$ cat entry.csv   # CSV, C-alpha atoms
chain,number,residue,atom,x,y,z
N,1,MET,CA,0.6,18.4,-5.9
N,2,ARG,CA,2.7,19.3,-8.9
N,3,SER,CA,5.3,17.2,-10.7
N,4,ALA,CA,8.8,18.6,-10.4
N,5,SER,CA,9.2,18.2,-14.2
N,6,SER,CA,5.7,19.1,-15.5
N,7,ARG,CA,2.1,18.5,-14.9
N,8,GLU,CA,1.7,16.9,-18.2
N,9,SER,CA,4.4,14.3,-17.7
N,10,SER,CA,2.8,13.4,-14.3
N,11,ARG,CA,-0.6,13.0,-15.9
N,12,LEU,CA,0.8,10.5,-18.3
N,13,GLY,CA,2.6,8.6,-15.6
N,14,GLN,CA,6.0,9.2,-17.1
N,15,SER,CA,9.2,10.0,-15.2
N,16,THR,CA,11.2,13.0,-16.4
N,17,PHE,CA,14.1,13.7,-14.1
N,18,THR,CA,16.8,16.3,-13.7
N,19,GLU,CA,19.6,13.7,-14.0
N,20,SER,CA,18.3,11.9,-17.0
N,21,SER,CA,20.5,14.0,-19.3
N,22,ALA,CA,24.3,14.5,-19.3
N,23,ALA,CA,25.6,16.6,-16.5
N,24,PRO,CA,26.6,20.2,-17.6
N,25,THR,CA,30.2,21.2,-17.9
N,26,ASP,CA,31.6,24.3,-16.3
N,27,GLU,CA,32.4,26.8,-19.0
N,28,ILE,CA,35.7,27.9,-17.5
N,29,THR,CA,37.3,24.7,-16.1
N,30,GLY,CA,35.7,22.2,-18.4
N,31,VAL,CA,35.0,20.0,-15.5
N,32,GLY,CA,31.6,18.2,-15.2
N,33,MET,CA,29.3,19.8,-12.7
N,34,ILE,CA,27.2,17.8,-10.2
N,35,LYS,CA,23.5,18.4,-10.8
N,36,ARG,CA,21.2,18.7,-7.9
N,37,LYS,CA,18.6,15.9,-7.6
N,38,ALA,CA,15.1,17.1,-7.9
N,39,LYS,CA,12.0,15.3,-6.4
N,40,VAL,CA,9.5,14.1,-9.0
N,41,LEU,CA,6.7,15.1,-6.6
N,42,THR,CA,6.5,18.1,-4.3
N,43,GLU,CA,4.4,18.5,-1.2
N,44,PRO,CA,1.0,20.0,-1.9
N,45,LYS,CA,-0.1,23.3,-0.5
N,46,LEU,CA,-3.0,23.3,2.0
N,47,TRP,CA,-5.4,24.8,-0.5
N,48,GLU,CA,-4.7,22.0,-3.0
N,49,TYR,CA,-6.3,19.3,-1.0
N,50,ASN,CA,-9.6,17.9,-2.2
N,51,PHE,CA,-12.5,16.4,-0.2
N,52,GLY,CA,-15.2,13.9,-1.0
N,53,LEU,CA,-15.3,11.4,-3.9
N,54,GLN,CA,-13.0,11.7,-6.9
N,55,ASP,CA,-13.8,10.4,-10.4
N,56,HIS,CA,-11.3,11.2,-13.1
N,57,LYS,CA,-13.2,9.2,-15.8
N,58,ILE,CA,-10.3,6.9,-16.6
N,59,ALA,CA,-11.3,4.3,-19.2
N,60,LEU,CA,-10.7,0.7,-18.1
N,61,PRO,CA,-8.4,-1.4,-20.2
N,62,HIS,CA,-9.3,-4.5,-22.3
N,63,GLY,CA,-12.7,-3.1,-23.3
N,64,ILE,CA,-14.0,-3.6,-19.8
N,65,GLN,CA,-17.4,-1.9,-19.1
N,66,GLU,CA,-17.6,-0.3,-15.7
N,67,ARG,CA,-19.8,-2.3,-13.2
N,68,THR,CA,-20.8,-4.7,-16.0
N,69,THR,CA,-17.9,-6.8,-17.1
N,70,PRO,CA,-17.0,-9.6,-14.7
N,71,PRO,CA,-13.6,-9.5,-13.1
N,72,GLU,CA,-10.7,-11.0,-14.9
N,73,THR,CA,-8.9,-14.2,-13.9
N,74,TYR,CA,-5.2,-15.2,-13.6
N,75,ALA,CA,-3.9,-18.7,-13.0
N,76,VAL,CA,-1.4,-19.1,-10.1
N,77,SER,CA,0.7,-22.2,-9.8
N,78,GLU,CA,0.6,-24.6,-6.8
N,79,GLU,CA,4.3,-24.0,-6.4
N,80,ASP,CA,3.8,-20.3,-5.9
N,81,VAL,CA,1.1,-21.0,-3.2
N,82,GLN,CA,3.5,-23.4,-1.4
N,83,VAL,CA,6.3,-20.8,-1.5
N,84,LEU,CA,4.0,-18.3,0.2
N,85,GLU,CA,3.0,-20.8,2.9
N,86,ARG,CA,6.7,-21.9,3.4
N,87,ASP,CA,8.5,-18.5,3.2
N,88,GLY,CA,5.7,-16.1,4.2
N,89,VAL,CA,6.3,-14.1,0.9
N,90,VAL,CA,6.1,-14.7,-2.8
N,91,LEU,CA,6.7,-12.5,-5.9
N,92,LEU,CA,4.5,-13.1,-8.9
N,93,LYS,CA,6.0,-11.5,-12.0
N,94,GLY,CA,3.9,-9.9,-14.7
N,95,VAL,CA,0.4,-10.4,-13.2
N,96,PHE,CA,-0.8,-7.2,-14.8
N,97,ASP,CA,-0.1,-6.3,-18.4
N,98,LYS,CA,1.0,-2.9,-19.8
N,99,GLU,CA,-2.6,-1.7,-20.2
N,100,TRP,CA,-3.3,-2.3,-16.5
N,101,VAL,CA,0.0,-0.7,-15.5
N,102,GLN,CA,-0.8,2.4,-17.6
N,103,TYR,CA,-4.3,2.6,-16.1
N,104,MET,CA,-2.9,2.5,-12.5
N,105,ARG,CA,-0.2,5.0,-13.4
N,106,GLU,CA,-2.7,7.4,-14.8
N,107,ALA,CA,-5.0,7.0,-11.8
N,108,THR,CA,-2.0,7.7,-9.5
N,109,ALA,CA,-0.9,10.7,-11.5
N,110,LYS,CA,-4.4,12.2,-11.3
N,111,GLN,CA,-4.5,11.5,-7.6
N,112,THR,CA,-1.2,13.2,-6.9
N,113,GLU,CA,-2.2,16.2,-9.0
N,114,GLU,CA,-5.4,16.5,-7.0
N,115,PRO,CA,-4.4,15.2,-3.5
N,116,HIS,CA,-7.2,14.1,-1.2
N,117,PHE,CA,-7.4,15.4,2.3
N,118,TRP,CA,-7.0,11.9,3.7
N,119,SER,CA,-3.4,11.9,2.5
N,120,PHE,CA,-2.6,15.0,4.5
N,121,ALA,CA,-1.1,13.3,7.6
N,122,GLY,CA,1.2,10.9,5.8
N,123,THR,CA,2.3,13.4,3.1
N,124,ALA,CA,2.9,16.3,5.6
N,125,SER,CA,5.0,13.9,7.7
N,126,LYS,CA,7.2,13.5,4.7
N,127,LEU,CA,7.2,9.7,5.1
N,128,TYR,CA,6.2,9.4,1.5
N,129,ASP,CA,5.9,11.8,-1.4
N,130,TYR,CA,2.2,10.7,-1.4
N,131,ILE,CA,0.4,8.2,0.7
N,132,GLN,CA,-3.3,7.6,1.2
N,133,ARG,CA,-5.2,4.9,3.0
N,134,ASN,CA,-8.4,3.4,1.7
N,135,ILE,CA,-7.8,5.0,-1.7
N,136,TRP,CA,-10.6,2.8,-3.1
N,137,GLN,CA,-13.2,4.7,-1.0
N,138,THR,CA,-12.5,8.1,-2.5
N,139,ASN,CA,-11.0,7.4,-5.9
N,140,LYS,CA,-13.3,5.5,-8.3
N,141,ALA,CA,-10.5,4.4,-10.6
N,142,PHE,CA,-8.9,2.2,-7.8
N,143,ALA,CA,-12.3,0.9,-6.8
N,144,ASN,CA,-12.9,-0.2,-10.4
N,145,PHE,CA,-9.4,-1.8,-10.5
N,146,TYR,CA,-10.5,-4.1,-7.6
N,147,TYR,CA,-13.9,-4.8,-9.1
N,148,HIS,CA,-12.7,-5.7,-12.6
N,149,SER,CA,-9.0,-6.8,-12.5
N,150,ALA,CA,-7.7,-10.3,-11.6
N,151,VAL,CA,-6.4,-9.2,-8.2
N,152,GLY,CA,-9.3,-11.0,-6.3
N,153,ASP,CA,-8.7,-14.2,-8.3
N,154,VAL,CA,-5.0,-14.1,-7.5
N,155,LEU,CA,-5.6,-13.6,-3.8
N,156,ARG,CA,-8.2,-16.3,-3.4
N,157,GLN,CA,-5.8,-18.8,-4.9
N,158,MET,CA,-2.9,-17.7,-2.7
N,159,GLY,CA,-5.2,-17.9,0.3
N,160,ARG,CA,-6.8,-21.2,-0.7
N,161,CYS,CA,-10.2,-19.6,-0.1
N,162,ASP,CA,-13.5,-18.9,-1.9
N,163,GLU,CA,-14.0,-15.2,-1.0
N,164,ILE,CA,-11.8,-12.1,-0.9
N,165,ARG,CA,-12.6,-8.7,0.6
N,166,ILE,CA,-10.4,-5.7,0.9
N,167,SER,CA,-9.8,-5.0,4.5
N,168,THR,CA,-7.7,-1.9,3.9
N,169,ASP,CA,-5.5,-0.5,1.2
N,170,LEU,CA,-2.9,2.2,0.5
N,171,LEU,CA,-1.6,4.2,-2.4
N,172,MET,CA,2.1,4.7,-1.8
N,173,VAL,CA,4.5,6.9,-3.9
N,174,ASN,CA,8.2,7.0,-2.9
N,175,PRO,CA,9.0,6.1,0.7
N,176,ASN,CA,11.4,8.9,1.5
N,177,LYS,CA,12.6,7.7,4.9
N,178,GLY,CA,12.3,4.0,4.5
N,179,PHE,CA,11.1,1.6,7.2
N,180,LYS,CA,13.3,-0.4,9.4
N,181,TRP,CA,12.6,-4.1,10.2
N,182,HIS,CA,8.9,-4.4,11.0
N,183,GLN,CA,5.8,-6.4,10.6
N,184,ASP,CA,2.5,-5.0,9.5
N,185,ASN,CA,-0.2,-4.2,12.1
N,186,GLN,CA,-2.4,-1.8,10.0
N,187,ASN,CA,-4.4,-4.6,8.5
N,188,GLY,CA,-7.9,-3.4,9.2
N,189,PRO,CA,-10.1,-5.2,11.7
N,190,ILE,CA,-8.8,-8.7,11.1
N,191,ILE,CA,-6.2,-10.9,12.7
N,192,PRO,CA,-3.0,-11.9,10.8
N,193,GLU,CA,-4.2,-15.5,10.1
N,194,GLU,CA,-7.3,-14.0,8.3
N,195,GLY,CA,-5.3,-11.8,6.0
N,196,LEU,CA,-3.0,-11.5,3.0
N,197,ARG,CA,-0.8,-8.5,2.5
N,198,PHE,CA,-0.2,-7.5,-1.1
N,199,TRP,CA,1.7,-5.0,-3.3
N,200,ILE,CA,0.9,-4.2,-6.9
N,201,THR,CA,3.8,-2.4,-8.4
N,202,MET,CA,3.8,0.2,-11.2
N,203,ASP,CA,7.6,0.7,-11.6
N,204,SER,CA,10.9,-1.0,-11.3
N,205,THR,CA,12.8,-0.2,-8.1
N,206,PRO,CA,16.3,1.3,-8.2
N,207,ALA,CA,19.2,-1.1,-7.8
N,208,ASP,CA,20.4,0.4,-4.5
N,209,TYR,CA,17.3,1.2,-2.6
N,210,GLY,CA,13.5,1.1,-2.5
N,211,SER,CA,13.1,-2.7,-2.9
N,212,PRO,CA,11.6,-4.7,0.0
N,213,VAL,CA,13.7,-7.1,2.0
N,214,TYR,CA,12.0,-10.0,3.8
N,215,LEU,CA,13.1,-12.5,6.5
N,216,THR,CA,11.8,-15.6,4.8
N,217,GLY,CA,9.9,-17.9,7.1
N,218,SER,CA,9.7,-15.3,9.9
N,219,HIS,CA,5.9,-15.5,9.8
N,220,ASN,CA,6.3,-18.6,11.9
N,221,ASN,CA,7.9,-16.9,14.8
N,222,ASP,CA,6.1,-16.8,18.1
N,223,VAL,CA,8.1,-14.1,19.9
N,224,VAL,CA,6.9,-10.9,18.1
N,225,SER,CA,3.6,-9.7,19.4
N,226,SER,CA,0.9,-9.2,16.7
N,227,GLU,CA,0.5,-5.6,18.2
N,228,ALA,CA,4.2,-4.8,17.6
N,229,VAL,CA,5.4,-2.9,14.5
N,230,PHE,CA,9.1,-2.4,14.9
N,231,VAL,CA,11.1,-5.6,15.2
N,232,ASP,CA,14.6,-6.0,16.6
N,233,ILE,CA,15.8,-8.9,14.6
N,234,GLU,CA,18.6,-9.6,17.1
N,235,MET,CA,16.0,-10.4,19.8
N,236,GLU,CA,15.9,-13.8,21.4
N,237,GLY,CA,13.8,-16.2,19.4
N,238,LEU,CA,14.5,-14.8,15.9
N,239,GLU,CA,17.9,-16.6,15.5
N,240,GLU,CA,16.4,-19.0,12.9
N,241,TRP,CA,15.3,-16.2,10.6
N,242,LYS,CA,17.4,-13.1,11.1
N,243,ASP,CA,19.9,-14.1,8.4
N,244,ARG,CA,17.4,-15.3,5.9
N,245,LYS,CA,17.2,-12.0,4.0
N,246,GLN,CA,15.6,-12.0,0.6
N,247,ASN,CA,15.5,-8.9,-1.6
N,248,PHE,CA,12.8,-8.6,-4.2
N,249,GLN,CA,13.5,-6.4,-7.2
N,250,VAL,CA,10.0,-5.7,-8.4
N,251,GLY,CA,8.9,-4.4,-11.8
N,252,PRO,CA,5.8,-2.9,-13.4
N,253,GLY,CA,2.8,-5.2,-13.1
N,254,ASP,CA,4.3,-7.5,-10.5
N,255,MET,CA,2.4,-8.6,-7.4
N,256,LEU,CA,4.1,-9.3,-4.1
N,257,ILE,CA,2.1,-11.2,-1.5
N,258,TRP,CA,3.1,-11.9,2.1
N,259,HIS,CA,1.8,-13.0,5.5
N,260,PRO,CA,1.1,-10.1,7.8
N,261,LYS,CA,3.6,-11.4,10.4
N,262,THR,CA,6.5,-11.8,7.9
N,263,ILE,CA,9.2,-9.4,9.0
N,264,HIS,CA,10.6,-7.0,6.3
N,265,LYS,CA,12.1,-3.6,5.7
N,266,ILE,CA,12.5,-1.0,2.9
N,267,ASP,CA,15.4,1.4,2.6
N,268,GLY,CA,14.8,4.8,1.1
N,269,PRO,CA,17.4,6.9,-0.7
N,270,SER,CA,20.2,8.1,1.5
N,271,ASP,CA,19.3,11.8,0.9
N,272,GLY,CA,15.5,11.2,1.1
N,273,ILE,CA,15.0,12.4,-2.5
N,274,TRP,CA,13.4,10.3,-5.1
N,275,ASP,CA,14.1,11.4,-8.6
N,276,THR,CA,12.3,8.4,-10.0
N,277,TYR,CA,8.9,6.9,-9.2
N,278,ARG,CA,8.1,4.0,-7.0
N,279,ARG,CA,4.4,3.7,-7.2
N,280,VAL,CA,2.6,0.9,-5.3
N,281,LEU,CA,-1.0,0.0,-4.6
N,282,GLY,CA,-0.9,-2.2,-1.5
N,283,GLY,CA,-3.0,-3.3,1.3
N,284,THR,CA,-4.5,-6.3,3.2
N,285,ALA,CA,-7.1,-8.7,1.8
N,286,ALA,CA,-9.5,-10.6,4.1
N,287,LYS,CA,-10.0,-14.3,3.4
N,288,SER,CA,-13.4,-16.0,3.5
N,289,GLY,CA,-14.5,-16.6,7.1
N,290,SER,CA,-12.9,-13.5,8.5
N,291,LEU,CA,-14.5,-11.9,11.5
N,292,TYR,CA,-14.6,-8.2,12.6
N,293,HIS,CA,-12.1,-7.6,15.4
N,294,ASP,CA,-12.7,-4.3,17.2
N,295,LYS,CA,-9.2,-2.8,17.7
N,296,THR,CA,-10.4,0.4,19.5
N,297,GLY,CA,-7.7,1.3,22.0
N,298,SER,CA,-4.8,0.0,20.0
N,299,GLY,CA,-2.7,1.4,17.2
N,300,GLY,CA,-4.4,-1.1,14.8
N,301,VAL,CA,-7.6,1.0,14.8
N,302,LEU,CA,-6.0,3.5,12.5
N,303,SER,CA,-6.9,1.3,9.5
N,304,ASP,CA,-10.5,1.0,10.6
N,305,LEU,CA,-12.0,4.5,11.0
N,306,GLY,CA,-15.3,4.0,9.2
N,307,ARG,CA,-18.8,4.1,10.7
N,308,HIS,CA,-19.9,0.6,9.5
N,309,GLY,CA,-21.7,-0.5,12.7
N,310,LEU,CA,-20.0,-4.0,12.9
N,311,GLN,CA,-19.5,-5.4,16.3
N,312,ASP,CA,-16.6,-7.5,17.6
N,313,GLY,CA,-16.9,-11.1,16.5
N,314,GLU,CA,-19.4,-10.5,13.7
N,315,LYS,CA,-18.7,-11.7,10.2
N,316,LEU,CA,-16.8,-9.2,8.1
N,317,ASP,CA,-19.6,-8.5,5.7
N,318,SER,CA,-20.0,-4.8,4.9
N,319,PRO,CA,-19.6,-2.4,1.9
N,320,PHE,CA,-16.8,-0.8,4.0
N,321,PHE,CA,-14.8,-4.0,3.3
N,322,PRO,CA,-15.8,-4.7,-0.3
N,323,LYS,CA,-16.0,-8.2,-1.8
N,324,ILE,CA,-13.9,-8.5,-4.9
N,325,TYR,CA,-14.0,-12.3,-5.3
N,326,PRO,CA,-15.8,-14.2,-6.7
N,327,THR,CA,-17.2,-10.9,-7.9
N,328,PHE,CA,-18.0,-7.4,-6.6
N,329,GLU,CA,-21.5,-6.8,-5.2
N,330,MET,CA,-23.5,-4.1,-7.0
N,331,GLU,CA,-25.1,-2.8,-3.8
N,332,GLU,CA,-21.7,-2.4,-2.1
N,333,ALA,CA,-20.4,-0.5,-5.2
N,334,LYS,CA,-23.5,1.7,-5.1
N,335,ALA,CA,-22.9,2.5,-1.4
N,336,ARG,CA,-19.3,3.6,-2.3
N,337,ASP,CA,-20.5,5.7,-5.2
N,338,GLU,CA,-23.1,7.4,-3.0
N,339,GLY,CA,-20.6,8.3,-0.3
N,340,VAL,CA,-22.1,6.0,2.3
N,341,VAL,CA,-18.8,4.3,2.7
N,342,GLY,CA,-16.0,6.5,4.1
N,343,ARG,CA,-14.5,7.9,7.3
N,344,ASN,CA,-16.9,9.5,9.7
N,345,PRO,CA,-15.7,12.2,12.1
N,346,LYS,CA,-17.8,10.9,15.0
N,347,ASP,CA,-16.4,7.4,14.6
N,348,ILE,CA,-12.9,8.7,14.3
N,349,ILE,CA,-13.2,10.6,17.6
N,350,SER,CA,-14.7,7.6,19.3
N,351,LYS,CA,-12.1,5.1,18.1
N,352,LEU,CA,-9.1,7.3,18.6
N,353,GLY,CA,-10.4,8.2,22.0
N,354,GLY,CA,-9.2,4.9,23.2
N,355,LEU,CA,-5.7,5.9,22.5
N,356,ALA,CA,-5.8,9.0,24.7
N,357,GLY,CA,-4.1,9.0,28.1
N,358,SER,CA,-0.7,8.3,29.5
N,359,SER,CA,-0.2,5.0,27.7
N,360,ALA,CA,-0.8,6.5,24.2
N,361,GLY,CA,2.9,7.2,23.7
N,362,ASN,CA,3.8,3.6,24.5
N,363,ARG,CA,1.2,2.3,22.0
N,364,PHE,CA,2.7,4.4,19.1
N,365,TYR,CA,6.4,4.0,20.2
N,366,SER,CA,6.8,0.8,18.1
N,367,PHE,CA,5.5,2.5,15.0
N,368,PHE,CA,7.8,5.5,15.2
N,369,GLN,CA,10.7,3.1,15.7
N,370,VAL,CA,10.1,1.8,12.2
N,371,LEU,CA,10.9,5.2,10.6
N,372,GLY,CA,14.2,6.2,9.3
N,373,SER,CA,15.8,3.0,8.0
N,374,ASN,CA,18.9,4.9,7.1
N,375,THR,CA,19.6,5.4,10.8
N,376,LYS,CA,22.4,3.0,12.0
N,377,HIS,CA,21.1,0.3,14.3
N,378,PRO,CA,21.6,-3.4,14.8
N,379,GLY,CA,20.2,-5.7,12.2
N,380,THR,CA,19.9,-3.4,9.3
$ encode --input "entry.csv" --output "structure tokens"
Amino acid sequence: MRSASSRESSRLGQSTFTESSAAPTDEITGVGMIKRKAKVLTEPKLWEYNFGLQDHKIALPHGIQERTTPPETYAVSEEDVQVLERDGVVLLKGVFDKEWVQYMREATAKQTEEPHFWSFAGTASKLYDYIQRNIWQTNKAFANFYYHSAVGDVLRQMGRCDEIRISTDLLMVNPNKGFKWHQDNQNGPIIPEEGLRFWITMDSTPADYGSPVYLTGSHNNDVVSSEAVFVDIEMEGLEEWKDRKQNFQVGPGDMLIWHPKTIHKIDGPSDGIWDTYRRVLGGTAAKSGSLYHDKTGSGGVLSDLGRHGLQDGEKLDSPFFPKIYPTFEMEEAKARDEGVVGRNPKDIISKLGGLAGSSAGNRFYSFFQVLGSNTKHPGT
């Protein structure tokens, strides 16, 4: 995938845009001309996709030695924990410093320059300029981020627990179409009460779009099924929360954490063109005591396509769902590095087979309703 400005500026994680300079003036009329917006990332060609593991040899910040230095820590206040429990969402400002932000930006730039095949479906659909699930499995830089940064320490405090595993994650660059009001059901093989959703942001969002909006307290509702994605906030039973909209203007190094059932939305640019970056590493963390829930036959299985061998009801203990707090496990990291962890074609066919048949359309209907937040509809 090539940057619309230059490969070098993408590599450095910088944003160089068509409209960053003064608009040109027509030589005859003297009237300022409107410049056409240009996307910072363009869709990759089929032959540009990569397979297997990727290691761009990006040095960790703060003198951290890969697979040797213990993970960093970060103190969270009791007030922040209580806000999450009460509102179902909390924004922690400045969790990651400039060095960590630059590390993640460089890792993201390398990834978009050398797109992985597992990003093909999301990128080709034009939902995002780039999106890839379970990025930690294929890109060593993001695995190292989980192993060595304070992300695990933050999440264990917010979840009031003593162990954190990554259930699933996503690298997301620029949501072109936005997402209407929804709750998250792609949380891996856990139930909402066992998980914490998180965003780690690398950029500030524009003033007019791109920032998430949450219905605070909506995680307490009992009318939206845990299987649902799209949410009609005018539905009966959501009266208490439908007007409790809170917009979060995030910046580089911030961390947004929410309950998987908290209802939220994101609006993309009206023309679907991002001429700035909105780079996010997000996902779902599994708290201590989480069990494996086999979601074969439901849309939720799309975030659990690995051949790990876990059975329904077993403890979520597998290198496919790596422990990051209190520390990473060397054997799990080794399994990732050797390619043992990853998606398996046989398992994908087996799990997705449960979605075949006449009811498949109904199961995915809710997801497709989430797309296109710029479409006029009640509640947005």
$ residues_around --input "entry.csv" --residues "Arg336 of chain N" --least-positions-apart "2" --cutoff "9 Å" --atoms "only C-alpha atoms" --output "ChimeraX atom specification"
/N:53,136-138,140,143,319-320,331-334,338-342
$ residues_near_point --input "entry.csv" --point "(-3.1, 15.4, 2.8)" --cutoff "10 Å" --atoms "all atoms listed in the file" --output "count of residues only"
23
$ atom_distance --input "entry.csv" --atom1 "atom CA of His219 of chain N" --atom2 "atom CA of Gly297 of chain N"
24.8 Å
$ closest_atom_pairs --input "entry.csv" --of "segment 91-143 of chain N" --to "segment 247-262 of chain N" --cutoff "9 Å" --atoms "all atoms listed in the file" --output "Markdown table"
| residue | atom | partner | partner_atom | distance |
| --- | --- | --- | --- | --- |
| N:Leu91 | CA | N:Leu256 | CA | 4.5 |
| N:Leu92 | CA | N:Met255 | CA | 5.2 |
| N:Lys93 | CA | N:Asp254 | CA | 4.6 |
| N:Gly94 | CA | N:Asp254 | CA | 4.9 |
| N:Val95 | CA | N:Asp254 | CA | 5.6 |
| N:Phe96 | CA | N:Gly253 | CA | 4.5 |
| N:Asp97 | CA | N:Gly253 | CA | 6.1 |
| N:Lys98 | CA | N:Gly253 | CA | 7.3 |
| N:Trp100 | CA | N:Gly253 | CA | 7.6 |
| N:Val101 | CA | N:Gly253 | CA | 5.8 |
$ write_last_selection --input "entry.csv" --atoms "C-alpha atoms" --output "compact mmCIF listing (two decimals), keeping the file's coordinate frame"
# COMPACT_ATOMS: atom_id res chain seq x y z
CA LEU N 91 6.70 -12.50 -5.90
CA LEU N 92 4.50 -13.10 -8.90
CA LYS N 93 6.00 -11.50 -12.00
CA GLY N 94 3.90 -9.90 -14.70
CA VAL N 95 0.40 -10.40 -13.20
CA PHE N 96 -0.80 -7.20 -14.80
CA ASP N 97 -0.10 -6.30 -18.40
CA LYS N 98 1.00 -2.90 -19.80
CA TRP N 100 -3.30 -2.30 -16.50
CA VAL N 101 0.00 -0.70 -15.50
$ atom_distance --input "entry.csv" --atom1 "atom CA of Ala75 of chain N" --atom2 "atom CA of Leu281 of chain N"
20.7 Å
$ residues_around --input "entry.csv" --residues "Thr168 of chain N" --least-positions-apart "6" --cutoff "7 Å" --atoms "only C-alpha atoms" --output "MDAnalysis selection string"
chainID N and resid 134 187:188 283:284 303
$ closest_atom_pairs --input "entry.csv" --of "segment 228-314 of chain N" --to "segment 149-163 of chain N" --cutoff "8 Å" --atoms "all atoms listed in the file" --output "JSON lines"
{"residue": "N:Ala285", "atom": "CA", "partner": "N:Leu155", "partner_atom": "CA", "distance": 7.6}
{"residue": "N:Lys287", "atom": "CA", "partner": "N:Glu163", "partner_atom": "CA", "distance": 6.0}
{"residue": "N:Ser288", "atom": "CA", "partner": "N:Glu163", "partner_atom": "CA", "distance": 4.6}
$ atom_distance --input "entry.csv" --atom1 "atom CA of Asp55 of chain N" --atom2 "atom CA of Asn139 of chain N"
6.1 Å
$ closest_residue --input "entry.csv" --among "N:Arg244, N:Arg86, N:Arg307, N:Arg67" --to "Phe145 of chain N" --atoms "all atoms listed in the file"
N:Arg67
$ residues_around --input "entry.csv" --residues "Asn176 of chain N" --least-positions-apart "4" --cutoff "8 Å" --atoms "all atoms listed in the file" --output "list in words"
Lys126, Leu127, Tyr128, Asp129, Gly268, Pro269, Gly272, Ile273 and Trp274 of chain N
$ closest_residue --input "entry.csv" --among "N:Gly195, N:Pro326, N:Gly217, N:Pro175" --to "Asp243 of chain N" --atoms "all atoms listed in the file"
N:Gly217
$ closest_residue --input "entry.csv" --among "N:Thr108, N:Gln311, N:Thr42, N:Asn185" --to "Arg278 of chain N" --atoms "all atoms listed in the file"
N:Thr108
$ closest_residue --input "entry.csv" --among "N:Val280, N:Val213, N:Leu310, N:Met104" --to "His264 of chain N" --atoms "all atoms listed in the file"
N:Val213
$ closest_residue --input "entry.csv" --among "N:Thr216, N:Ser225, N:Ser270, N:Gln186" --to "Glu240 of chain N" --atoms "only C-alpha atoms"
N:Thr216
